[in-house]
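**Q** Sharing run-v8.tsv, TSV, C-alpha atoms and all ligand atoms:
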chain	number	residue	atom	x	y	z
A	102	THR	CA	0.00	0.00	0.00
A	103	ILE	CA	2.84	2.37	0.85
A	104	GLU	CA	4.36	1.76	-2.61
A	105	LEU	CA	0.99	2.50	-4.27
A	106	GLU	CA	0.54	5.67	-2.22
A	107	LYS	CA	4.06	6.79	-3.18
A	108	ALA	CA	3.36	6.18	-6.88
A	109	PHE	CA	0.06	8.10	-6.66
A	110	ALA	CA	1.66	11.01	-4.80
A	111	SER	CA	4.50	11.25	-7.26
A	112	ALA	CA	2.05	11.15	-10.22
A	113	MET	CA	-0.02	13.97	-8.67
A	114	LYS	CA	3.11	16.06	-8.10
A	115	SER	CA	4.24	15.57	-11.70
A	116	ILE	CA	0.77	16.66	-12.84
A	117	ALA	CA	1.07	19.74	-10.60
A	118	ARG	CA	4.34	20.75	-12.28
A	119	ARG	CA	3.27	20.32	-15.92
A	120	ALA	CA	3.12	23.76	-17.46
A	121	ASP	CA	1.28	22.48	-20.57
A	122	LEU	CA	-1.57	21.06	-18.47
A	123	LYS	CA	-1.81	24.28	-16.49
A	124	THR	CA	-2.05	26.30	-19.72
A	125	HIS	CA	-4.68	23.92	-21.08
A	126	ILE	CA	-6.76	24.33	-17.91
A	127	GLU	CA	-6.42	28.12	-18.01
A	128	GLN	CA	-7.58	28.14	-21.62
A	129	THR	CA	-10.57	25.85	-21.04
A	130	PRO	CA	-13.10	27.84	-19.01
A	131	ALA	CA	-15.36	24.86	-18.13
A	132	LEU	CA	-12.42	22.81	-16.81
A	133	TYR	CA	-10.95	25.83	-15.04
A	134	SER	CA	-14.18	26.50	-13.22
A	135	LEU	CA	-14.61	22.83	-12.18
A	136	LEU	CA	-11.10	22.54	-10.75
A	137	ASN	CA	-11.41	25.95	-9.15
A	138	ARG	CA	-14.47	24.68	-7.33
A	139	ALA	CA	-12.49	21.71	-5.97
A	140	ALA	CA	-9.63	23.99	-4.92
A	141	ALA	CA	-11.98	26.32	-3.03
A	142	ARG	CA	-12.01	23.84	-0.15
A	143	TYR	CA	-8.28	24.47	0.46
A	144	VAL	CA	-7.48	27.87	-1.08
A	145	THR	CA	-9.19	31.11	-0.04
A	146	GLY	CA	-9.10	32.58	-3.57
A	147	GLU	CA	-6.79	34.04	-6.19
A	148	SER	CA	-6.23	37.47	-4.68
A	149	ARG	CA	-4.72	38.90	-1.53
A	150	SER	CA	-8.08	40.35	-0.56
A	151	ASP	CA	-9.55	36.79	-0.52
A	152	GLY	CA	-6.82	35.73	1.94
A	153	LEU	CA	-7.31	38.83	4.09
A	154	ALA	CA	-11.10	38.38	4.22
A	155	ALA	CA	-10.73	34.74	5.31
A	156	GLN	CA	-8.15	35.80	7.90
A	157	GLN	CA	-10.65	38.23	9.40
A	158	ARG	CA	-13.42	35.63	9.50
A	159	LEU	CA	-11.21	33.13	11.31
A	160	MET	CA	-9.71	35.64	13.72
A	161	ASP	CA	-13.24	36.72	14.66
A	162	LYS	CA	-13.82	33.10	15.68
A	163	GLY	CA	-10.75	33.06	17.91
A	164	TYR	CA	-8.17	31.42	15.63
A	165	ALA	CA	-4.68	32.71	14.90
A	166	VAL	CA	-3.78	32.67	11.19
A	167	SER	CA	-0.86	32.08	8.83
A	168	LEU	CA	-1.09	33.37	5.27
A	169	GLU	CA	0.78	32.00	2.28
A	170	TYR	CA	0.93	33.42	-1.22
A	171	ILE	CA	1.15	30.13	-3.16
A	172	GLY	CA	4.22	29.48	-5.27
A	173	GLU	CA	7.48	27.54	-5.39
A	174	ASN	CA	10.47	26.69	-7.56
A	175	THR	CA	10.44	29.99	-9.42
A	176	THR	CA	13.12	29.90	-12.09
A	177	ASN	CA	13.00	33.34	-13.63
A	178	LEU	CA	14.08	36.55	-12.02
A	179	GLN	CA	10.94	38.52	-12.84
A	180	ASP	CA	8.72	35.88	-11.19
A	181	CYS	CA	10.90	35.99	-8.05
A	182	GLU	CA	10.70	39.78	-7.95
A	183	ASP	CA	6.93	39.60	-8.44
A	184	ALA	CA	6.56	37.09	-5.58
A	185	GLN	CA	8.73	39.28	-3.35
A	186	ALA	CA	6.60	42.33	-4.24
A	187	GLU	CA	3.37	40.45	-3.48
A	188	LEU	CA	4.68	39.34	-0.06
A	189	SER	CA	5.72	42.91	0.65
A	190	HIS	CA	2.19	44.15	-0.24
A	191	LEU	CA	0.77	41.45	2.01
A	192	ILE	CA	2.90	42.58	4.96
A	193	SER	CA	1.92	46.15	4.25
A	194	ASP	CA	-1.83	45.32	4.21
A	195	LEU	CA	-1.49	43.24	7.37
A	196	SER	CA	0.30	46.06	9.17
A	197	THR	CA	-2.90	48.12	9.20
A	198	ARG	CA	-4.74	45.49	11.29
A	199	ASN	CA	-4.57	45.20	15.08
A	200	LYS	CA	-3.96	41.47	15.07
A	201	ALA	CA	-1.97	40.34	12.08
A	202	ALA	CA	-1.49	36.95	10.52
A	203	ARG	CA	1.90	35.29	10.28
A	204	VAL	CA	3.31	35.38	6.72
A	205	SER	CA	4.60	32.05	5.36
A	206	PHE	CA	6.49	31.31	2.17
A	207	ASP	CA	8.90	29.00	0.35
A	208	LEU	CA	12.41	30.34	-0.21
A	209	SER	CA	12.25	28.80	-3.69
A	210	HIS	CA	9.43	31.23	-4.48
A	211	ILE	CA	11.71	34.23	-3.89
A	212	GLY	CA	14.91	33.07	-5.54
A	213	LEU	CA	16.46	29.90	-4.02
A	214	LEU	CA	16.80	28.17	-7.40
A	215	LEU	CA	18.46	31.22	-8.93
A	216	ASP	CA	20.84	32.75	-6.43
A	217	HIS	CA	21.28	32.36	-2.67
A	218	GLU	CA	22.42	35.95	-2.11
A	219	LEU	CA	19.34	37.24	-3.95
A	220	THR	CA	17.16	34.99	-1.77
A	221	TYR	CA	18.88	36.26	1.38
A	222	ARG	CA	18.44	39.89	0.29
A	223	HIS	CA	14.74	39.26	-0.42
A	224	LEU	CA	14.30	37.60	2.95
A	225	ILE	CA	16.04	40.42	4.82
A	226	ALA	CA	13.97	43.07	3.04
A	227	LEU	CA	10.77	41.27	4.08
A	228	ALA	CA	12.10	40.74	7.62
A	229	GLU	CA	12.94	44.43	8.01
A	230	GLN	CA	9.49	45.47	6.81
A	231	ALA	CA	7.74	42.83	8.98
A	232	LYS	CA	9.73	43.79	12.08
A	233	HIS	CA	8.40	47.34	12.00
A	234	ALA	CA	4.86	46.03	11.56
A	235	ASN	CA	5.30	43.45	14.36
A	236	ILE	CA	4.56	40.60	11.95
A	237	GLU	CA	6.11	37.15	12.14
A	238	LEU	CA	7.61	35.51	9.02
A	239	PHE	CA	7.79	31.76	8.57
A	240	ILE	CA	9.90	29.78	6.11
A	241	SER	CA	8.43	26.52	4.79
A	242	MET	CA	10.62	23.44	4.36
A	243	GLU	CA	10.96	21.96	0.88
A	244	GLU	CA	12.41	18.66	-0.39
A	245	SER	CA	15.58	17.28	1.22
A	246	ALA	CA	17.88	18.43	-1.60
A	247	LYS	CA	17.19	21.99	-0.39
A	248	THR	CA	17.28	21.46	3.39
A	249	ASP	CA	20.91	22.54	3.92
A	250	ASP	CA	20.48	25.71	1.84
A	251	ILE	CA	17.19	26.65	3.49
A	252	LEU	CA	18.59	26.13	6.99
A	253	ALA	CA	21.76	28.07	6.17
A	254	ILE	CA	19.80	31.07	4.88
A	255	TYR	CA	17.38	30.89	7.81
A	256	LYS	CA	20.18	30.75	10.42
A	257	ARG	CA	22.02	33.65	8.85
A	258	ALA	CA	18.87	35.80	8.85
A	259	ALA	CA	17.67	34.68	12.29
A	260	ARG	CA	20.86	36.03	13.92
A	261	ASN	CA	19.46	39.53	13.48
A	262	TYR	CA	15.74	38.86	13.06
A	263	SER	CA	14.22	36.78	15.83
A	264	HIS	CA	10.73	37.09	14.35
A	265	ILE	CA	11.53	34.62	11.53
A	266	GLY	CA	10.52	30.99	12.07
A	267	ILE	CA	11.52	27.78	10.33
A	268	THR	CA	9.66	24.58	9.47
A	269	LEU	CA	11.23	21.18	10.28
A	270	GLN	CA	10.11	17.80	8.93
A	271	ALA	CA	9.85	14.89	11.37
A	272	GLN	CA	10.11	12.36	8.52
A	273	LEU	CA	13.77	13.25	7.89
A	274	ASN	CA	16.35	11.37	9.96
A	275	ARG	CA	18.47	14.53	10.22
A	276	THR	CA	15.81	16.61	12.00
A	277	GLU	CA	16.73	15.68	15.57
A	278	GLN	CA	20.26	16.99	14.96
A	279	ASP	CA	18.93	20.06	13.11
A	280	LEU	CA	16.83	20.84	16.16
A	281	ILE	CA	19.87	20.45	18.45
A	282	ASP	CA	21.77	22.84	16.15
A	283	LEU	CA	19.01	25.41	16.66
A	284	SER	CA	19.21	25.12	20.46
A	285	SER	CA	21.44	28.16	20.93
A	286	GLY	CA	18.58	30.56	20.15
A	287	THR	CA	14.91	30.47	21.04
A	288	SER	CA	13.82	29.93	17.47
A	289	ARG	CA	10.25	29.77	16.28
A	290	ILE	CA	9.69	26.29	14.93
A	291	ARG	CA	6.87	24.65	13.01
A	292	LEU	CA	7.02	20.87	13.19
A	293	VAL	CA	5.41	18.96	10.30
A	294	LYS	CA	5.57	15.29	9.28
A	295	GLY	CA	6.81	16.27	5.79
A	296	ALA	CA	4.96	16.43	2.48
A	297	TYR	CA	7.69	15.17	0.11
A	298	GLN	CA	8.54	11.65	-1.08
A	299	GLU	CA	12.03	11.10	0.29
A	300	PRO	CA	14.43	8.15	-0.10
A	301	GLU	CA	14.20	5.49	2.63
A	302	SER	CA	17.87	5.99	3.40
A	303	ILE	CA	17.21	9.43	4.87
A	304	SER	CA	13.61	9.32	6.05
A	305	ILE	CA	10.78	7.24	7.47
A	306	ALA	CA	7.31	6.90	5.99
A	307	ARG	CA	3.95	7.55	7.70
A	308	SER	CA	3.78	5.01	10.55
A	309	SER	CA	3.53	4.69	14.32
A	310	ILE	CA	7.35	4.97	14.37
A	311	LEU	CA	7.10	8.37	12.67
A	312	ASN	CA	4.42	9.42	15.17
A	313	GLU	CA	6.67	8.44	18.08
A	314	ARG	CA	9.51	10.42	16.55
A	315	TYR	CA	7.17	13.40	16.05
A	316	LEU	CA	6.27	13.32	19.77
A	317	ARG	CA	9.96	13.06	20.76
A	318	LEU	CA	10.77	16.09	18.60
A	319	ILE	CA	7.95	18.08	20.24
A	320	GLU	CA	9.38	17.20	23.64
A	321	GLN	CA	12.87	18.21	22.51
A	322	ALA	CA	11.63	21.55	21.11
A	323	VAL	CA	9.66	22.30	24.28
A	324	GLU	CA	12.71	21.48	26.45
A	325	GLN	CA	14.88	23.74	24.26
A	326	GLY	CA	12.40	26.56	24.92
A	327	HIS	CA	11.33	27.22	21.35
A	328	LEU	CA	8.07	28.81	20.31
A	329	LEU	CA	6.46	25.79	18.68
A	330	SER	CA	3.68	25.20	16.15
A	331	ILE	CA	2.56	21.58	16.16
A	332	ALA	CA	1.42	21.43	12.54
A	333	THR	CA	-0.50	18.20	12.06
A	334	HIS	CA	-4.04	16.90	11.57
A	335	ASP	CA	-3.17	13.60	13.22
A	336	GLU	CA	-5.67	13.27	16.03
A	337	SER	CA	-3.64	10.64	17.91
A	338	ILE	CA	-0.68	13.04	18.13
A	339	ILE	CA	-2.92	15.97	19.06
A	340	ASP	CA	-4.60	13.95	21.84
A	341	GLU	CA	-1.21	12.95	23.20
A	342	VAL	CA	0.03	16.56	23.17
A	343	VAL	CA	-3.03	17.62	25.18
A	344	ARG	CA	-2.65	14.64	27.54
A	345	ARG	CA	1.00	15.44	28.25
A	346	GLY	CA	0.12	19.06	29.03
A	347	TRP	CA	2.48	20.56	26.39
A	348	ILE	CA	-0.26	22.69	24.86
A	349	GLN	CA	-0.78	24.52	28.17
A	350	SER	CA	2.53	26.29	27.63
A	351	SER	CA	1.97	29.70	26.07
A	352	ALA	CA	4.81	28.92	23.65
A	353	VAL	CA	2.98	26.01	21.99
A	354	GLU	CA	0.08	26.02	19.52
A	355	PHE	CA	-1.61	23.69	17.05
A	356	GLU	CA	-1.52	24.68	13.38
A	357	MET	CA	-3.69	23.14	10.67
A	358	LEU	CA	-4.26	23.69	6.96
A	359	TYR	CA	-7.42	25.50	5.88
A	360	GLY	CA	-10.04	23.01	4.71
A	361	ILE	CA	-8.46	19.96	6.36
A	362	ARG	CA	-10.20	18.49	9.40
A	363	PRO	CA	-12.13	21.71	10.20
A	364	ASP	CA	-14.15	19.63	12.69
A	365	LEU	CA	-10.96	18.96	14.65
A	366	SER	CA	-9.67	22.56	14.62
A	367	CYS	CA	-13.14	23.72	15.71
A	368	LYS	CA	-13.18	21.23	18.59
A	369	LEU	CA	-9.72	22.30	19.78
A	370	ASN	CA	-10.63	25.98	19.51
A	371	ALA	CA	-13.85	25.41	21.47
A	372	ALA	CA	-11.84	23.62	24.17
A	373	GLY	CA	-9.74	26.78	24.54
A	374	HIS	CA	-6.54	25.48	22.96
A	375	PRO	CA	-4.50	27.87	20.78
A	376	VAL	CA	-5.15	26.95	17.14
A	377	ARG	CA	-3.69	28.60	14.07
A	378	ILE	CA	-5.17	28.04	10.60
A	379	TYR	CA	-2.85	28.12	7.59
A	380	LEU	CA	-4.51	30.00	4.72
A	381	THR	CA	-3.35	30.24	1.15
A	382	TYR	CA	-4.23	32.43	-1.81
A	383	GLY	CA	-2.90	32.96	-5.30
A	384	GLN	CA	-3.18	32.01	-8.94
A	385	GLU	CA	-1.16	28.84	-8.36
A	386	TRP	CA	-4.15	27.22	-6.63
A	387	TYR	CA	-3.97	24.30	-9.07
A	388	LEU	CA	-0.51	23.37	-7.73
A	389	TYR	CA	-1.78	23.54	-4.17
A	390	LEU	CA	-4.83	21.38	-4.95
A	391	CYS	CA	-2.59	18.70	-6.49
A	392	HIS	CA	-0.36	18.72	-3.38
A	393	ARG	CA	-3.33	18.20	-1.05
A	394	ILE	CA	-4.60	15.30	-3.18
A	395	ALA	CA	-1.10	13.79	-3.37
A	396	GLU	CA	-0.71	13.73	0.39
A	397	TYR	CA	-4.16	12.24	1.03
A	398	PRO	CA	-5.59	10.25	-1.94
A	399	PRO	CA	-9.22	10.21	-0.64
A	400	ASN	CA	-9.19	13.93	-1.42
A	401	LEU	CA	-9.49	12.95	-5.07
A	402	PHE	CA	-13.03	11.70	-4.36
A	403	GLN	CA	-13.71	14.81	-2.30
A	404	ALA	CA	-12.58	16.92	-5.28
A	405	VAL	CA	-14.96	15.06	-7.61
A	406	LEU	CA	-17.81	15.63	-5.13
A	407	ASP	CA	-16.90	19.34	-4.84
A	408	MET	CA	-16.81	19.66	-8.63
A	409	SER	CA	-20.20	18.03	-9.07
A	410	ALA	CA	-21.85	20.12	-6.34
A	411	ALA	CA	-23.96	22.85	-7.90
A	501	LIG	P1	-0.94	12.37	8.24
A	501	LIG	O1	-0.53	12.60	6.84
A	501	LIG	O2	-0.48	11.12	8.91
A	501	LIG	O3	-2.51	12.48	8.35
A	501	LIG	C1	-3.19	12.28	9.58
A	501	LIG	C2	-4.67	12.45	9.34
A	501	LIG	O4	-4.94	13.81	9.01
A	501	LIG	C3	-5.20	11.65	8.15
A	501	LIG	O5	-5.55	10.36	8.51
A	501	LIG	C4	-6.40	12.49	7.75
A	501	LIG	O6	-7.48	12.26	8.63
A	501	LIG	C5	-5.92	13.90	7.99
A	501	LIG	N1	-5.27	14.49	6.79
A	501	LIG	C6	-3.95	14.67	6.56
A	501	LIG	N2	-3.73	15.27	5.38
A	501	LIG	C7	-4.95	15.45	4.83
A	501	LIG	C8	-5.40	16.03	3.63
A	501	LIG	N3	-4.56	16.53	2.69
A	501	LIG	N4	-6.72	16.05	3.41
A	501	LIG	C9	-7.61	15.56	4.31
A	501	LIG	N5	-7.23	15.01	5.48
A	501	LIG	C10	-5.92	14.94	5.74
A	501	LIG	N6	5.11	19.98	4.71
A	501	LIG	C11	6.37	20.22	4.29
A	501	LIG	O7	7.04	19.30	3.82
A	501	LIG	N7	6.89	21.49	4.38
A	501	LIG	C12	6.20	22.52	4.93
A	501	LIG	O8	6.71	23.63	5.02
A	501	LIG	C13	4.89	22.27	5.40
A	501	LIG	N8	4.14	23.25	5.97
A	501	LIG	C14	2.97	22.93	6.62
A	501	LIG	C15	2.31	23.87	7.40
A	501	LIG	C16	1.18	23.50	8.12
A	501	LIG	C17	0.49	24.51	8.98
A	501	LIG	C18	0.69	22.16	8.06
A	501	LIG	C19	-0.50	21.73	8.87
A	501	LIG	C20	1.31	21.25	7.26
A	501	LIG	C21	2.44	21.60	6.53
A	501	LIG	N9	3.10	20.69	5.72
A	501	LIG	C22	4.37	20.97	5.27
A	501	LIG	C23	2.43	19.40	5.34
A	501	LIG	C24	2.81	18.27	6.27
A	501	LIG	O9	4.14	17.90	6.12
A	501	LIG	C25	1.93	17.04	6.02
A	501	LIG	O10	2.12	16.60	4.71
A	501	LIG	C26	0.44	17.28	6.24
A	501	LIG	O11	0.24	18.05	7.39
A	501	LIG	C27	-0.29	15.93	6.44
A	501	LIG	O12	0.31	15.25	7.50
A	501	LIG	P2	-0.34	15.09	8.96
A	501	LIG	O13	0.67	15.52	9.97
A	501	LIG	O14	-1.63	15.78	9.03
A	501	LIG	O15	-0.44	13.54	9.18
Kindly return the structure encoded in the file as structure tokens.

**A**
Amino acid sequence: TIELEKAFASAMKSIARRADLKTHIEQTPALYSLLNRAAARYVTGESRSDGLAAQQRLMDKGYAVSLEYIGENTTNLQDCEDAQAELSHLISDLSTRNKAARVSFDLSHIGLLLDHELTYRHLIALAEQAKHANIELFISMEESAKTDDILAIYKRAARNYSHIGITLQAQLNRTEQDLIDLSSGTSRIRLVKGAYQEPESISIARSSILNERYLRLIEQAVEQGHLLSIATHDESIIDEVVRRGWIQSSAVEFEMLYGIRPDLSCKLNAAGHPVRIYLTYGQEWYLYLCHRIAEYPPNLFQAVLDMSAA
């Protein structure tokens, strides 16, 4: 079953990256509108104002929010500059609100595949702007080939900007050591299981062993005094975190993706636990939809149901 799931996930991710398919969808209004309907479960809309409106709705209900402008693996300079400009506009719009969302992004959206110095400069410019607006920035973690570069850029920036956080993936064998390496500062950390298919030599697949490792990493991060987002929809892990009393610390919160297990986030919020919802917006919603189906194949059926709903 694991092999089948891997094959399905990798097929979905290849589909997500095919520029010709994306163009075909954009040029076929009926298809575009169907897929857009399926994506609406996970993506707030195409524009910044869609993300900001959803942020307000959720904050009114007592949730904290992260906002991502969708995009990754940008390979031309103009697209990187455009992504950087959009994130800067987002920070600027958020700065006018009393309670702002956290801004999340992939370093490969703002230049990682082109030039590390450019990426660093982009990150610092955003960090400087966000610092004055009292807004937190969070860097997502991408596939393992990029982990060293992402961590190096993060650590360099975090020396001067403590309001930048980093995402770590429990599925990677290296993560325990990466967390130890971050112990000198009180970094902001988001712990996820990991969304990428990685070789068995460096990672472990979804399993009770991965769940045990995830819990050990939470314990380690709490002991190291980090601000921690426990970013999972796995109810068994969430129950265990509540049972062990970790969530009572003001430094720890749950974080969940918009549209995934809203029943669970609602239950945790109603019980008074700190819950952050991760919102996305942007024209690359098709990519994001494919990622959500890849990581949880039953979402394909959900997408068909969403498309057929009037
Ligand atoms: P797991 O995959 O074991 O799922 C547990 C249960 O959750 C499932 O049985 C199902 O009930 C539900 N579930 C999970 N995914 C679902 C889905 N797509 N649709 C419906 N139900 C689903 N990854 C990464 O590599 N780099 C990153 O930067 C981030 N960033 C990030 C931020 C936030 C806030 C979250 C919540 C997640 C990420 N991820 C990520 C994704 C993460 O690595 C992981 O792929 C997903 O969270 C799914 O894994 P779970 O921990 O939920 O467990």

**Q** With distances taken over all atoms listed in the file, which of A:Leu380, A:Val353, A:Leu329, A:Val293 is nearest to ligand LIG 501 (chain A)?

**A**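 Of A:Leu380, A:Val353, A:Leu329, A:Val293, the one nearest ligand LIG 501 (chain A), counting all atoms listed in the file, is A:Val293.
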
**Q** For range 305-311 of chain A, please output as an NGL selection string all residues within 7 Å (counting all atoms listed in the file; exclusion window: fewer than 4 positions along the same chain).

**A** :A and (272-273 or 301 or 315)

**Q** Between A:Asp194, A:Gln403, A:Leu224, A:Arg119, which has the minimum distance to Glu182 in chain A (counting all atoms listed in the file)?

**A**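 Closest to Glu182 in chain A of all the choices is A:Leu224.
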
**Q** Which residue, A:Ile103, A:Met113, A:Leu135, A:Ala296, has the smallest gap to Glu244 in chain A when you use all atoms listed in the file?

**A**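 Looking at the shortest contact to Glu244 in chain A, the residue is A:Ala296.
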
**Q** Between A:Ser205, A:Asn174, A:Ser284, A:Thr268, which is the closest to ligand LIG 501 (chain A) once you count all atoms listed in the file?

**A**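 Distance minimum relative to ligand LIG 501 (chain A) lands on A:Thr268.
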
**Q** Of the candidates A:Thr129, A:Thr333, A:Ser366, A:Thr176, which shows the shortest atom-to-atom distance to ligand LIG 501 (chain A), using all atoms listed in the file?

**A**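 Once distances to ligand LIG 501 (chain A) are computed over all atoms listed in the file, the minimum belongs to A:Thr333.
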
**Q** Around ligand LIG 501 (chain A), which protein and nucleic acid residues have at least one atom no more than 9 Å from it, if we count only C-alpha atoms and all ligand atoms? List them as a ChimeraX atom specification.

**A** /A:167,205-207,239-244,267-272,291-297,307-308,311-312,330-338,355-362,377-380,392-400

**Q** Which of these, A:Asn199, A:Gln185, A:Ser245, A:Asn137, has the shortest distance to Cys391 in chain A once you count all atoms listed in the file?

**A** A:Asn137

**Q** Can you tell me how far CA of Lys232 in chain A sits from CA of Ile265 in chain A, in Å to one decimal?

**A**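 Straight-line distance from CA of Lys232 in chain A to CA of Ile265 in chain A works out to 9.4 Å.
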
**Q** Work out where the centre of an axis-aligned box around every listed atom of range 220-227 of chain A lies and how long its edges are once 5 Å is added on each side; give both in Å to one decimal as JSON.

**A**
{"center_x": 14.8, "center_y": 39.0, "center_z": 1.5, "size_x": 18.1, "size_y": 18.1, "size_z": 16.6}

**Q** Report the distance between CA of Ala186 in chain A and CA of Glu229 in chain A in Å, rounded to one decimal place.

**A** 14.0 Å

**Q** Rebuild N, CA and C atoms on range 224-242 of chain A, as a compact mmCIF listing (two decimals), keeping the file's coordinate frame?

**A**
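Just written: selection_28.txt:
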# COMPACT_ATOMS: atom_id res chain seq x y z
N LEU A 224 14.77 37.97 1.61
CA LEU A 224 14.30 37.60 2.95
C LEU A 224 14.53 38.74 3.94
N ILE A 225 15.71 39.34 3.88
CA ILE A 225 16.04 40.42 4.82
C ILE A 225 15.13 41.63 4.59
N ALA A 226 14.85 41.93 3.33
CA ALA A 226 13.97 43.07 3.04
C ALA A 226 12.59 42.83 3.64
N LEU A 227 12.09 41.60 3.50
CA LEU A 227 10.77 41.27 4.08
C LEU A 227 10.84 41.31 5.60
N ALA A 228 11.95 40.79 6.15
CA ALA A 228 12.10 40.74 7.62
C ALA A 228 12.14 42.14 8.20
N GLU A 229 12.83 43.03 7.53
CA GLU A 229 12.94 44.43 8.01
C GLU A 229 11.56 45.08 8.01
N GLN A 230 10.83 44.88 6.92
CA GLN A 230 9.49 45.47 6.81
C GLN A 230 8.56 44.86 7.87
N ALA A 231 8.63 43.53 8.04
CA ALA A 231 7.74 42.83 8.98
C ALA A 231 8.04 43.22 10.42
N LYS A 232 9.33 43.45 10.71
CA LYS A 232 9.73 43.79 12.08
C LYS A 232 9.04 45.07 12.52
N HIS A 233 9.02 46.07 11.65
CA HIS A 233 8.40 47.34 12.00
C HIS A 233 6.90 47.21 12.16
N ALA A 234 6.32 46.23 11.47
CA ALA A 234 4.86 46.03 11.56
C ALA A 234 4.51 44.98 12.62
N ASN A 235 5.55 44.46 13.32
CA ASN A 235 5.30 43.45 14.36
C ASN A 235 4.66 42.17 13.79
N ILE A 236 5.11 41.78 12.62
CA ILE A 236 4.56 40.60 11.95
C ILE A 236 5.63 39.51 11.89
N GLU A 237 5.19 38.28 12.13
CA GLU A 237 6.11 37.15 12.14
C GLU A 237 6.21 36.56 10.72
N LEU A 238 7.42 36.18 10.32
CA LEU A 238 7.61 35.51 9.02
C LEU A 238 7.95 34.04 9.28
N PHE A 239 7.47 33.17 8.41
CA PHE A 239 7.79 31.76 8.57
C PHE A 239 8.24 31.14 7.26
N ILE A 240 9.37 30.42 7.31
CA ILE A 240 9.90 29.78 6.11
C ILE A 240 9.43 28.32 6.08
N SER A 241 8.86 27.92 4.95
CA SER A 241 8.43 26.52 4.79
C SER A 241 9.65 25.66 4.50
N MET A 242 9.51 24.34 4.70
CA MET A 242 10.62 23.44 4.36
C MET A 242 10.26 22.67 3.10
